[in-house]
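Asks: Just coords-v7.tsv, nothing more (TSV, C-alpha atoms):
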chain	number	residue	atom	x	y	z
A	1	MET	CA	199.38	-109.01	-89.45
A	2	LYS	CA	199.58	-105.29	-90.22
A	3	TYR	CA	198.01	-102.89	-87.72
A	4	GLN	CA	197.25	-99.20	-88.01
A	5	THR	CA	199.41	-97.35	-85.50
A	6	VAL	CA	199.49	-93.76	-84.25
A	7	ARG	CA	202.25	-92.36	-82.06
A	8	ILE	CA	201.82	-89.50	-79.58
A	9	ASP	CA	204.84	-88.05	-77.82
A	10	PRO	CA	204.54	-85.18	-75.35
A	11	ARG	CA	205.96	-81.88	-76.47
A	12	ILE	CA	209.31	-82.09	-74.72
A	13	ASP	CA	212.55	-80.75	-76.13
A	14	SER	CA	214.53	-83.73	-77.43
A	15	SER	CA	217.61	-82.36	-75.69
A	16	ASN	CA	215.83	-82.61	-72.36
A	17	LYS	CA	217.10	-85.62	-70.44
A	18	ARG	CA	213.63	-86.15	-69.03
A	19	SER	CA	212.39	-87.28	-72.44
A	20	ALA	CA	214.54	-90.41	-72.16
A	21	LEU	CA	212.81	-91.28	-68.90
A	22	LEU	CA	209.27	-91.16	-70.26
A	23	ARG	CA	207.14	-94.21	-69.63
A	24	SER	CA	205.91	-95.83	-72.83
A	25	VAL	CA	202.39	-97.22	-73.17
A	26	LEU	CA	201.00	-99.31	-76.02
A	27	VAL	CA	197.27	-98.74	-76.43
A	28	ILE	CA	195.37	-101.50	-78.23
A	29	TYR	CA	191.99	-100.46	-79.63
A	30	THR	CA	189.61	-103.38	-80.12
A	31	GLY	CA	186.37	-101.49	-80.67
A	32	GLY	CA	183.31	-100.86	-78.53
A	33	THR	CA	181.34	-97.77	-77.58
A	34	PHE	CA	184.49	-95.82	-76.70
A	35	GLY	CA	185.60	-95.15	-80.28
A	36	MET	CA	182.37	-93.90	-81.84
A	37	VAL	CA	181.69	-90.37	-83.09
A	38	TYR	CA	178.63	-88.68	-84.56
A	39	ASP	CA	178.57	-88.40	-88.35
A	40	ARG	CA	176.55	-85.35	-89.43
A	41	GLU	CA	175.90	-86.68	-92.94
A	42	SER	CA	174.38	-90.02	-91.92
A	43	GLY	CA	173.09	-88.90	-88.53
A	44	GLN	CA	174.64	-92.04	-87.02
A	45	LEU	CA	177.54	-93.00	-84.80
A	46	ILE	CA	180.50	-94.29	-86.79
A	47	PRO	CA	183.95	-95.64	-85.78
A	48	PHE	CA	186.46	-93.00	-84.77
A	49	ASP	CA	189.68	-92.53	-86.78
A	50	PHE	CA	192.52	-92.67	-84.26
A	51	GLU	CA	194.74	-90.76	-86.70
A	52	ARG	CA	192.83	-87.74	-85.38
A	53	VAL	CA	192.89	-88.71	-81.74
A	54	LEU	CA	194.42	-85.39	-80.65
A	55	ASP	CA	191.45	-83.53	-82.14
A	56	ARG	CA	189.22	-85.35	-79.66
A	57	LEU	CA	191.70	-85.69	-76.80
A	58	PRO	CA	194.17	-82.77	-76.86
A	59	GLU	CA	194.82	-83.55	-73.17
A	60	LEU	CA	197.04	-86.44	-74.29
A	61	ASN	CA	199.68	-83.86	-75.23
A	62	ARG	CA	199.93	-82.83	-71.60
A	63	LEU	CA	200.75	-86.29	-70.33
A	64	ASP	CA	204.41	-87.08	-69.81
A	65	ILE	CA	203.87	-90.45	-71.47
A	66	SER	CA	204.96	-91.77	-74.84
A	67	ILE	CA	201.82	-93.31	-76.33
A	68	THR	CA	201.45	-95.62	-79.31
A	69	ILE	CA	197.91	-96.55	-80.38
A	70	LEU	CA	197.47	-99.80	-82.30
A	71	THR	CA	194.10	-100.57	-83.88
A	72	LEU	CA	192.96	-104.10	-84.62
A	73	PRO	CA	192.16	-104.70	-88.31
A	74	THR	CA	188.55	-105.59	-87.48
A	75	ILE	CA	186.82	-103.29	-85.00
A	76	LEU	CA	184.55	-105.36	-82.77
A	77	ASP	CA	181.42	-104.73	-80.82
A	78	SER	CA	182.36	-106.50	-77.61
A	79	SER	CA	179.37	-108.82	-77.98
A	80	ASN	CA	181.37	-110.39	-80.82
A	81	MET	CA	184.47	-110.97	-78.67
A	82	LYS	CA	185.92	-114.46	-79.08
A	83	PRO	CA	188.84	-116.49	-77.69
A	84	ALA	CA	190.67	-115.94	-80.99
A	85	VAL	CA	190.82	-112.21	-80.21
A	86	TRP	CA	192.10	-112.91	-76.68
A	87	ILE	CA	194.89	-114.92	-78.29
A	88	GLU	CA	195.63	-112.04	-80.68
A	89	LEU	CA	195.78	-109.58	-77.76
A	90	ALA	CA	198.13	-111.86	-75.82
A	91	GLN	CA	200.37	-112.23	-78.87
A	92	ILE	CA	200.49	-108.45	-79.41
A	93	ILE	CA	201.50	-107.94	-75.78
A	94	GLU	CA	204.14	-110.65	-76.02
A	95	GLN	CA	205.52	-109.23	-79.29
A	96	HIS	CA	205.85	-105.71	-77.83
A	97	TYR	CA	206.59	-106.66	-74.24
A	98	THR	CA	210.17	-105.43	-74.18
A	99	GLN	CA	209.39	-102.26	-76.17
A	100	TYR	CA	206.78	-100.80	-73.84
A	101	ASP	CA	206.47	-100.27	-70.11
A	102	SER	CA	202.75	-101.01	-69.99
A	103	PHE	CA	199.60	-101.66	-72.00
A	104	VAL	CA	196.09	-100.19	-72.17
A	105	ILE	CA	193.31	-102.05	-73.99
A	106	LEU	CA	190.27	-100.07	-75.18
A	107	HIS	CA	187.39	-102.51	-75.14
A	108	GLY	CA	183.61	-102.63	-75.21
A	109	THR	CA	182.06	-102.98	-71.77
A	110	ASP	CA	179.77	-105.97	-72.30
A	111	THR	CA	182.54	-108.59	-72.35
A	112	MET	CA	185.40	-106.61	-70.82
A	113	ALA	CA	185.42	-108.70	-67.62
A	114	TYR	CA	185.71	-111.90	-69.70
A	115	THR	CA	188.69	-110.51	-71.65
A	116	ALA	CA	190.40	-109.24	-68.50
A	117	SER	CA	189.92	-112.61	-66.81
A	118	ALA	CA	191.17	-114.56	-69.82
A	119	LEU	CA	194.30	-112.42	-70.19
A	120	SER	CA	195.11	-112.80	-66.50
A	121	PHE	CA	195.45	-116.56	-67.07
A	122	MET	CA	197.08	-116.32	-70.51
A	123	LEU	CA	199.86	-113.84	-69.63
A	124	VAL	CA	202.06	-116.00	-67.42
A	125	GLY	CA	204.86	-114.16	-65.62
A	126	LEU	CA	203.31	-110.73	-66.28
A	127	SER	CA	205.16	-107.96	-64.45
A	128	LYS	CA	203.77	-104.93	-66.30
A	129	PRO	CA	200.36	-103.21	-66.17
A	130	VAL	CA	197.67	-104.30	-68.61
A	131	ILE	CA	194.71	-101.96	-68.04
A	132	LEU	CA	191.38	-102.46	-69.80
A	133	THR	CA	189.00	-99.54	-70.08
A	134	GLY	CA	186.18	-98.26	-72.25
A	135	ALA	CA	183.12	-96.07	-72.01
A	136	GLN	CA	179.38	-96.11	-71.51
A	137	LEU	CA	178.99	-93.14	-73.89
A	138	PRO	CA	180.98	-92.71	-77.14
A	139	ILE	CA	183.89	-90.30	-77.24
A	140	GLY	CA	181.93	-88.22	-79.77
A	141	VAL	CA	179.17	-87.47	-77.24
A	142	ALA	CA	179.45	-84.33	-75.10
A	143	ARG	CA	178.87	-86.09	-71.76
A	144	SER	CA	181.08	-89.07	-72.60
A	145	ASP	CA	182.97	-90.83	-69.84
A	146	ALA	CA	185.57	-91.94	-72.41
A	147	ARG	CA	188.02	-89.10	-71.76
A	148	GLU	CA	188.40	-89.57	-68.02
A	149	ASN	CA	188.51	-93.36	-68.26
A	150	PHE	CA	191.19	-93.33	-70.97
A	151	ILE	CA	193.41	-90.61	-69.49
A	152	THR	CA	193.35	-92.07	-65.98
A	153	ALA	CA	193.99	-95.58	-67.32
A	154	LEU	CA	197.08	-94.20	-69.07
A	155	GLU	CA	198.26	-92.51	-65.88
A	156	ILE	CA	197.80	-95.71	-63.87
A	157	ALA	CA	199.57	-97.76	-66.54
A	158	ALA	CA	202.54	-95.37	-66.39
A	159	ALA	CA	202.68	-95.05	-62.60
A	160	VAL	CA	205.86	-96.39	-60.99
A	161	ASP	CA	207.46	-96.91	-57.61
A	162	THR	CA	211.13	-97.36	-56.88
A	163	ASP	CA	212.21	-100.85	-55.87
A	164	ALA	CA	214.88	-101.77	-53.34
A	165	THR	CA	217.64	-101.34	-55.93
A	166	GLY	CA	216.46	-97.89	-56.95
A	167	ASN	CA	214.97	-98.98	-60.27
A	168	PRO	CA	211.45	-98.02	-61.38
A	169	CYS	CA	208.81	-100.69	-60.88
A	170	PRO	CA	205.16	-100.39	-61.98
A	171	ILE	CA	202.70	-99.84	-59.16
A	172	VAL	CA	200.08	-102.13	-60.72
A	173	PRO	CA	201.86	-105.03	-62.49
A	174	GLU	CA	198.74	-107.04	-63.31
A	175	VAL	CA	195.66	-107.19	-65.55
A	176	CYS	CA	193.08	-104.65	-64.35
A	177	VAL	CA	189.85	-102.93	-65.32
A	178	TYR	CA	189.67	-99.16	-64.82
A	179	PHE	CA	186.24	-97.59	-64.96
A	180	ASN	CA	184.48	-94.62	-63.37
A	181	SER	CA	187.25	-93.77	-60.88
A	182	LEU	CA	187.83	-97.35	-59.74
A	183	LEU	CA	190.68	-99.70	-60.56
A	184	LEU	CA	189.67	-103.35	-60.17
A	185	ARG	CA	191.59	-106.59	-60.49
A	186	GLY	CA	190.55	-107.81	-63.92
A	187	ASN	CA	189.61	-111.35	-62.95
A	188	ARG	CA	187.60	-110.07	-59.97
A	189	SER	CA	185.48	-107.66	-61.99
A	190	THR	CA	182.02	-108.05	-63.42
A	191	LYS	CA	179.72	-105.68	-65.30
A	192	ARG	CA	176.82	-104.52	-63.16
A	193	GLU	CA	175.35	-101.49	-64.94
A	194	SER	CA	174.35	-100.78	-68.53
A	195	VAL	CA	172.86	-97.29	-68.02
A	196	GLN	CA	175.00	-95.78	-65.24
A	197	PHE	CA	178.67	-94.81	-65.45
A	198	ASN	CA	179.64	-97.11	-62.56
A	199	ALA	CA	179.50	-100.13	-64.86
A	200	PHE	CA	181.89	-102.49	-63.03
A	201	VAL	CA	182.10	-103.92	-59.53
A	202	SER	CA	184.41	-106.23	-57.63
A	203	GLU	CA	182.22	-107.66	-54.90
A	204	ASN	CA	184.69	-110.15	-53.45
A	205	TYR	CA	187.96	-108.22	-53.63
A	206	PRO	CA	188.88	-104.64	-52.66
A	207	HIS	CA	189.42	-101.92	-55.23
A	208	LEU	CA	193.07	-101.59	-56.24
A	209	ALA	CA	192.86	-97.81	-56.58
A	210	ASN	CA	190.42	-94.92	-56.38
A	211	ALA	CA	190.96	-91.96	-58.69
A	212	GLY	CA	189.77	-88.68	-57.23
A	213	VAL	CA	191.79	-85.49	-56.98
A	214	SER	CA	194.71	-87.88	-56.63
A	215	ILE	CA	194.99	-91.59	-57.42
A	216	ASP	CA	195.02	-93.51	-54.14
A	217	TYR	CA	196.43	-97.02	-54.49
A	218	ASN	CA	195.30	-99.82	-52.18
A	219	ARG	CA	198.79	-101.27	-52.14
A	220	PRO	CA	198.30	-104.26	-49.81
A	221	PHE	CA	195.87	-105.78	-52.33
A	222	ILE	CA	197.95	-105.21	-55.49
A	223	ARG	CA	200.14	-108.04	-56.71
A	224	PRO	CA	203.82	-107.38	-55.99
A	225	CYS	CA	206.14	-106.27	-58.75
A	226	LEU	CA	208.49	-109.04	-59.85
A	227	PRO	CA	210.74	-107.40	-62.43
A	228	ASN	CA	212.87	-109.19	-64.98
A	229	GLN	CA	210.83	-112.38	-65.01
A	230	PRO	CA	210.11	-113.66	-68.53
A	231	LEU	CA	206.62	-113.47	-70.00
A	232	HIS	CA	205.17	-116.46	-71.80
A	233	ILE	CA	201.65	-116.78	-73.09
A	234	ARG	CA	199.08	-119.54	-73.26
A	235	THR	CA	197.45	-119.52	-76.67
A	236	VAL	CA	195.52	-122.81	-76.68
A	237	LEU	CA	192.03	-122.44	-75.25
A	238	ASP	CA	189.39	-125.16	-75.19
A	239	PRO	CA	185.95	-123.72	-76.10
A	240	ASN	CA	184.09	-126.94	-75.17
A	241	VAL	CA	182.75	-125.45	-71.95
A	242	THR	CA	179.44	-124.02	-70.87
A	243	ILE	CA	177.58	-122.32	-68.03
A	244	LEU	CA	174.62	-124.07	-66.42
A	245	LYS	CA	172.58	-121.82	-64.15
A	246	LEU	CA	170.31	-123.64	-61.73
A	247	PHE	CA	166.84	-122.34	-60.95
A	248	PRO	CA	163.80	-123.69	-59.10
A	249	GLY	CA	162.01	-126.05	-61.46
A	250	ILE	CA	164.90	-126.73	-63.81
A	251	SER	CA	163.97	-129.86	-65.72
A	252	GLN	CA	165.80	-133.12	-66.23
A	253	PRO	CA	165.70	-132.98	-70.08
A	254	ILE	CA	167.37	-129.55	-70.10
A	255	VAL	CA	170.18	-130.56	-67.73
A	256	GLU	CA	170.61	-133.86	-69.54
A	257	ALA	CA	170.88	-132.11	-72.92
A	258	VAL	CA	173.66	-129.89	-71.57
A	259	LEU	CA	175.65	-132.49	-69.64
A	260	THR	CA	175.58	-135.16	-72.36
A	261	MET	CA	176.94	-133.01	-75.19
A	262	PRO	CA	179.62	-135.22	-76.84
A	263	THR	CA	182.43	-132.65	-76.88
A	264	LEU	CA	181.72	-131.11	-73.46
A	265	ARG	CA	184.78	-130.86	-71.20
A	266	GLY	CA	183.85	-128.33	-68.52
A	267	VAL	CA	180.81	-126.74	-66.88
A	268	VAL	CA	180.52	-123.69	-64.66
A	269	LEU	CA	177.60	-124.70	-62.43
A	270	GLU	CA	175.93	-121.57	-61.06
A	271	THR	CA	174.41	-122.69	-57.78
A	272	PHE	CA	172.34	-121.04	-55.05
A	273	GLY	CA	173.80	-119.11	-52.13
A	274	ALA	CA	176.88	-120.76	-50.67
A	275	GLY	CA	177.09	-123.34	-53.47
A	276	ASN	CA	173.86	-125.24	-52.90
A	277	ALA	CA	171.88	-127.25	-55.43
A	278	PRO	CA	168.68	-129.33	-55.47
A	279	THR	CA	169.15	-132.85	-54.14
A	280	ASP	CA	166.97	-134.55	-56.76
A	281	ASP	CA	168.37	-137.98	-57.52
A	282	TRP	CA	168.25	-137.37	-61.27
A	283	LEU	CA	170.33	-134.16	-61.01
A	284	LEU	CA	173.03	-135.72	-58.85
A	285	ALA	CA	173.11	-138.78	-61.10
A	286	LEU	CA	173.58	-136.64	-64.23
A	287	LEU	CA	176.33	-134.58	-62.61
A	288	LYS	CA	178.14	-137.70	-61.40
A	289	ALA	CA	177.87	-139.38	-64.80
A	290	ALA	CA	179.38	-136.31	-66.46
A	291	ILE	CA	182.24	-136.18	-63.94
A	292	ASP	CA	182.87	-139.90	-64.44
A	293	ARG	CA	183.21	-139.22	-68.20
A	294	GLY	CA	185.90	-136.63	-67.49
A	295	VAL	CA	183.80	-133.45	-67.51
A	296	PHE	CA	184.93	-130.87	-64.93
A	297	ILE	CA	182.10	-129.30	-62.94
A	298	PHE	CA	183.08	-125.95	-61.34
A	299	ASN	CA	180.75	-124.72	-58.59
A	300	VAL	CA	180.20	-120.93	-58.65
A	301	SER	CA	177.62	-119.04	-56.59
A	302	GLN	CA	174.89	-117.05	-58.34
A	303	CYS	CA	175.31	-114.40	-55.63
A	304	ALA	CA	177.38	-111.38	-56.66
A	305	GLY	CA	179.01	-111.35	-53.23
A	306	GLY	CA	179.96	-114.17	-50.90
A	307	ARG	CA	181.49	-117.49	-51.78
A	308	VAL	CA	180.90	-121.19	-52.28
A	309	THR	CA	181.45	-123.13	-49.06
A	310	GLN	CA	180.85	-126.56	-50.48
A	311	GLY	CA	179.80	-129.08	-47.86
A	312	GLN	CA	178.54	-126.53	-45.31
A	313	TYR	CA	174.95	-127.51	-46.06
A	314	GLN	CA	173.63	-130.93	-46.97
A	315	THR	CA	172.52	-129.57	-50.36
A	316	SER	CA	176.15	-128.89	-51.31
A	317	HIS	CA	177.63	-131.85	-49.42
A	318	TYR	CA	176.35	-134.17	-52.13
A	319	LEU	CA	178.14	-132.07	-54.78
A	320	GLN	CA	181.39	-132.43	-52.91
A	321	GLN	CA	180.93	-136.18	-52.61
A	322	ILE	CA	180.52	-136.71	-56.35
A	323	GLY	CA	183.56	-134.60	-57.31
A	324	VAL	CA	182.26	-131.12	-58.10
A	325	VAL	CA	185.10	-128.57	-57.68
A	326	SER	CA	184.42	-125.58	-55.43
A	327	GLY	CA	185.03	-122.19	-57.04
A	328	ALA	CA	185.15	-120.35	-53.72
A	329	ASP	CA	184.52	-116.64	-54.48
A	330	ILE	CA	185.44	-116.67	-58.17
A	331	THR	CA	183.28	-114.78	-60.68
A	332	THR	CA	181.52	-116.58	-63.50
A	333	GLU	CA	183.65	-114.67	-66.02
A	334	ALA	CA	186.87	-115.82	-64.38
A	335	ALA	CA	185.57	-119.36	-63.91
A	336	ILE	CA	184.67	-119.94	-67.56
A	337	THR	CA	187.91	-118.44	-68.90
A	338	LYS	CA	189.99	-120.36	-66.35
A	339	LEU	CA	188.34	-123.57	-67.54
A	340	MET	CA	189.12	-122.70	-71.18
A	341	VAL	CA	192.78	-121.99	-70.44
A	342	LEU	CA	193.40	-124.99	-68.18
A	343	LEU	CA	191.60	-127.44	-70.47
A	344	GLY	CA	193.52	-126.01	-73.42
A	345	ARG	CA	196.85	-126.88	-71.84
A	346	GLU	CA	195.93	-130.43	-70.81
A	347	HIS	CA	194.41	-132.96	-73.19
A	348	ASP	CA	195.25	-136.08	-71.22
A	349	ARG	CA	192.10	-137.62	-69.71
A	350	GLY	CA	193.98	-139.97	-67.39
A	351	THR	CA	193.56	-140.03	-63.62
A	352	VAL	CA	196.80	-138.18	-62.84
A	353	ALA	CA	196.07	-135.38	-65.32
A	354	THR	CA	192.46	-135.12	-64.16
A	355	ASN	CA	193.43	-134.82	-60.51
A	356	HIS	CA	196.06	-132.22	-61.40
A	357	LEU	CA	193.52	-130.14	-63.28
A	358	ARG	CA	191.02	-130.39	-60.44
A	359	THR	CA	193.71	-129.10	-58.08
A	360	LEU	CA	194.54	-126.19	-60.39
A	361	LEU	CA	190.86	-125.26	-60.74
A	362	ALA	CA	190.54	-125.02	-56.96
A	363	THR	CA	193.82	-123.09	-56.59
A	364	PRO	CA	194.27	-119.32	-57.14
A	365	LEU	CA	196.48	-118.88	-60.22
A	366	ALA	CA	196.23	-115.12	-60.81
A	367	GLY	CA	194.50	-113.78	-57.72
A	368	GLU	CA	191.08	-114.74	-59.13
A	369	MET	CA	189.84	-116.44	-55.96
A	370	SER	CA	190.57	-116.53	-52.26
A	371	GLU	CA	192.52	-119.35	-50.67
Could I get this file's structure written as structure tokens?
Replies:
Amino acid sequence: MKYQTVRIDPRIDSSNKRSALLRSVLVIYTGGTFGMVYDRESGQLIPFDFERVLDRLPELNRLDISITILTLPTILDSSNMKPAVWIELAQIIEQHYTQYDSFVILHGTDTMAYTASALSFMLVGLSKPVILTGAQLPIGVARSDARENFITALEIAAAVDTDATGNPCPIVPEVCVYFNSLLLRGNRSTKRESVQFNAFVSENYPHLANAGVSIDYNRPFIRPCLPNQPLHIRTVLDPNVTILKLFPGISQPIVEAVLTMPTLRGVVLETFGAGNAPTDDWLLALLKAAIDRGVFIFNVSQCAGGRVTQGQYQTSHYLQQIGVVSGADITTEAAITKLMVLLGREHDRGTVATNHLRTLLATPLAGEMSE
């Protein structure tokens, strides 16, 4: 597939040895609020032409980073994000993995946490930064947060330490979300705000960095750099999953309609508090029947903070008895994408495969949940 690309190199004399040491970043523009500008003729916001990116962001010339911007053929509002686009993003990263030191993805905010979570499971062996960012206000608006978010994401993507052998190693070799001065682990992030600039939070895991006058990295909580390991990607995702949020008064016909869908393979069950659910006989019977048919039920708390401690209370003890898998402190976004990826790699419905998948669901694969 052919992509529009724009290259930005800092103004450094080609004879200067430092130019050979520049970090290279591939920026992938998917769409979203970030890339909109005001059109005087129509009086509307229209997609921004990245061929003229330096007109809007002349600061890019002052970064000692070699930047290539790649635009997807179809610019998406993030509400239209789909697993097929996650696969395309993973394939682009794999294709250019040896050419670039790191990657920045410009993405709409509404589904950014889903994309970040999905990529964290799809990019196996990742040892380079993949930073997702965007904006609450378009780049063409005077008070836009797009400039700071983009420039700082680039700086974080290019930031390196020196390893024990003296070679450069990225400080943040994992999938992250950068927004409003905070760097978050991608599969620990969730969108909280639609009208304030502090759009994203990570309730159950510390921030990886805070960008003020300087960028302060919370190094103990960043995944270690493991250079020279090969990257391979998972490109088969199973979309036959759903989210079932419990609420007081939820009715049997509704739950039954969800759990008896013929193609259903996995359910993120959003429960109360520490993983609790009503103990109505009909609900437990429906959940057990689904599990017996090979449907995976993944217990995730509705609370933004805290975690599922399945079995602590009698109301969650029954869930544990019938085979519901505890999601600990995973987010809903990470839970649903983890289900898609794991179910996509395993089609066997036998006992051994089922038990293996249950173990993987309950095990941290990319730092998405606590032990």
Asks: Could you pull the residues within 8 Å of Ile243 (chain A), counting only C-alpha atoms, minus those fewer than 4 positions along the same chain, as a list in words?
Replies: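 Here the answer would be Val267, Val268, Leu269, Glu270 and Ile336 of chain A.
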Asks: Tell me, counting all atoms listed in the file, for each residue of region 144-198 of chain A within 9 Å of region 208-227 of chain A, which pair of atoms is nearest and how far apart they are in Å to one decimal, in rows ordered by chain and increasing number, as a tab-separated table.
Replies:
residue	atom	partner	partner_atom	distance
A:Thr152	CA	A:Ala211	CA	7.7
A:Ile156	CA	A:Ile215	CA	8.2
A:Asp163	CA	A:Cys225	CA	8.6
A:Cys169	CA	A:Cys225	CA	6.5
A:Pro170	CA	A:Cys225	CA	6.8
A:Ile171	CA	A:Cys225	CA	7.3
A:Val172	CA	A:Ile222	CA	6.4
A:Pro173	CA	A:Cys225	CA	5.8
A:Glu174	CA	A:Arg223	CA	6.8
A:Cys176	CA	A:Leu208	CA	8.7
A:Tyr178	CA	A:Ala209	CA	8.9
A:Asn180	CA	A:Ala211	CA	8.4
A:Ser181	CA	A:Ala211	CA	4.7
A:Leu182	CA	A:Asn210	CA	4.9
A:Leu183	CA	A:Ala209	CA	4.9
A:Leu184	CA	A:Leu208	CA	5.5
A:Arg185	CA	A:Leu208	CA	6.7
Asks: So which one's closest to Phe34 (chain A), A:Val241, A:Ala135, A:Ile322, A:Ala362? Using all atoms listed in the file, please.
Replies: A:Ala135
Asks: A:Thr354, A:Thr98, A:Ser79, A:Ser117: which is nearest Asn187 (chain A), counting only C-alpha atoms?
Replies: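 Of A:Thr354, A:Thr98, A:Ser79, A:Ser117, the one nearest Asn187 (chain A), counting only C-alpha atoms, is A:Ser117.
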Asks: Just the number, please: distance in Å from CA of Leu76 (chain A) to CA of Ile139 (chain A), one decimal.
Replies: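 Separation of CA of Leu76 (chain A) and CA of Ile139 (chain A): 16.1 Å.
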Asks: What lies within 10 Å of region 245-256 of chain A using only C-alpha atoms, ignoring chain neighbours under 3 positions off, as JSON, numbers by chain?
Replies: {"A": [242, 259, 260, 261, 267, 268, 269, 270, 271, 272, 276, 277, 278, 280, 282, 283, 286, 287, 290, 300, 301, 302]}
Asks: Within 10 Å of region 48-57 of chain A, which residues of region 71-159 of chain A show up? Give each one with its shortest atom-to-atom distance in Å (one decimal) and the two atoms involved, counting all atoms listed in the file, rows by chain then rising residue number, as JSON lines.
Replies:
{"residue": "A:Thr71", "atom": "CA", "partner": "A:Phe50", "partner_atom": "CA", "distance": 8.1}
{"residue": "A:Pro138", "atom": "CA", "partner": "A:Phe48", "partner_atom": "CA", "distance": 9.4}
{"residue": "A:Ile139", "atom": "CA", "partner": "A:Arg56", "partner_atom": "CA", "distance": 7.7}
{"residue": "A:Gly140", "atom": "CA", "partner": "A:Arg56", "partner_atom": "CA", "distance": 7.8}
{"residue": "A:Ala146", "atom": "CA", "partner": "A:Leu57", "partner_atom": "CA", "distance": 9.8}
{"residue": "A:Arg147", "atom": "CA", "partner": "A:Leu57", "partner_atom": "CA", "distance": 7.1}
{"residue": "A:Phe150", "atom": "CA", "partner": "A:Leu57", "partner_atom": "CA", "distance": 9.6}
{"residue": "A:Ile151", "atom": "CA", "partner": "A:Leu57", "partner_atom": "CA", "distance": 9.0}
Asks: To one decimal place in Å, what is the distance between CA of Gln91 (chain A) and CA of Leu123 (chain A)?
Replies: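 We find that CA of Gln91 (chain A) and CA of Leu123 (chain A) lie 9.4 Å from each other.
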Asks: What does the structure give for the distance between CA of Leu360 (chain A) and CA of Glu346 (chain A), in Å to one decimal?
Replies: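 Going from CA of Leu360 (chain A) over to CA of Glu346 (chain A) covers 11.3 Å.
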Asks: Let me make sure I understand: among A:Ile65, A:Ala353, A:Leu361, A:Ile233, which one has the smallest atom-to-atom distance to Met340 (chain A) if we use all atoms listed in the file?
Replies: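 Nearest to Met340 (chain A): A:Leu361.
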Asks: Taking every listed atom of region 305-320 of chain A and adding 6 Å to each side, what centre and edge lengths in Å (one decimal) does the axis-aligned box have, as lines of an AutoDock Vina configuration file?
Replies:
center_x = 177.0
center_y = -122.8
center_z = -50.0
size_x = 21.0
size_y = 34.8
size_z = 21.5
Asks: Counting all atoms listed in the file, which of A:Pro129, A:Gly134, A:Pro47, A:Gly350 gets nearest to Gly294 (chain A)?
Replies: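 Comparing A:Pro129, A:Gly134, A:Pro47, A:Gly350 against Gly294 (chain A), the winner is A:Gly350.
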Asks: For Trp86 (chain A), which residue among A:Leu60, A:Ala118, A:Ile291, A:Val160 is the nearest when counting all atoms listed in the file?
Replies: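 Comparing A:Leu60, A:Ala118, A:Ile291, A:Val160 against Trp86 (chain A), the winner is A:Ala118.
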Asks: Pick out the residues sitting within 12 Å of Val85 (chain A), and hand them over as a PyMOL selection string; count all atoms listed in the file, and ignore anything fewer than 6 positions along from it in its own chain.
Replies: chain A and resi 28-31+72-76+78+91-92+107+111+114-115+118-119+235+237
Asks: Neighbouring residues of Asn204 (chain A) were defined as those with any atom within 10 Å, considering all atoms listed in the file; residues of the same chain fewer than 2 positions away were excluded. Please report them as a list in words.
Replies: Arg188, Ser189, Val201, Ser202, Pro206, His207, Ala304, Gly305, Gly306, Arg307, Asp329, Ile330, Thr331, Glu368, Met369 and Ser370 of chain A
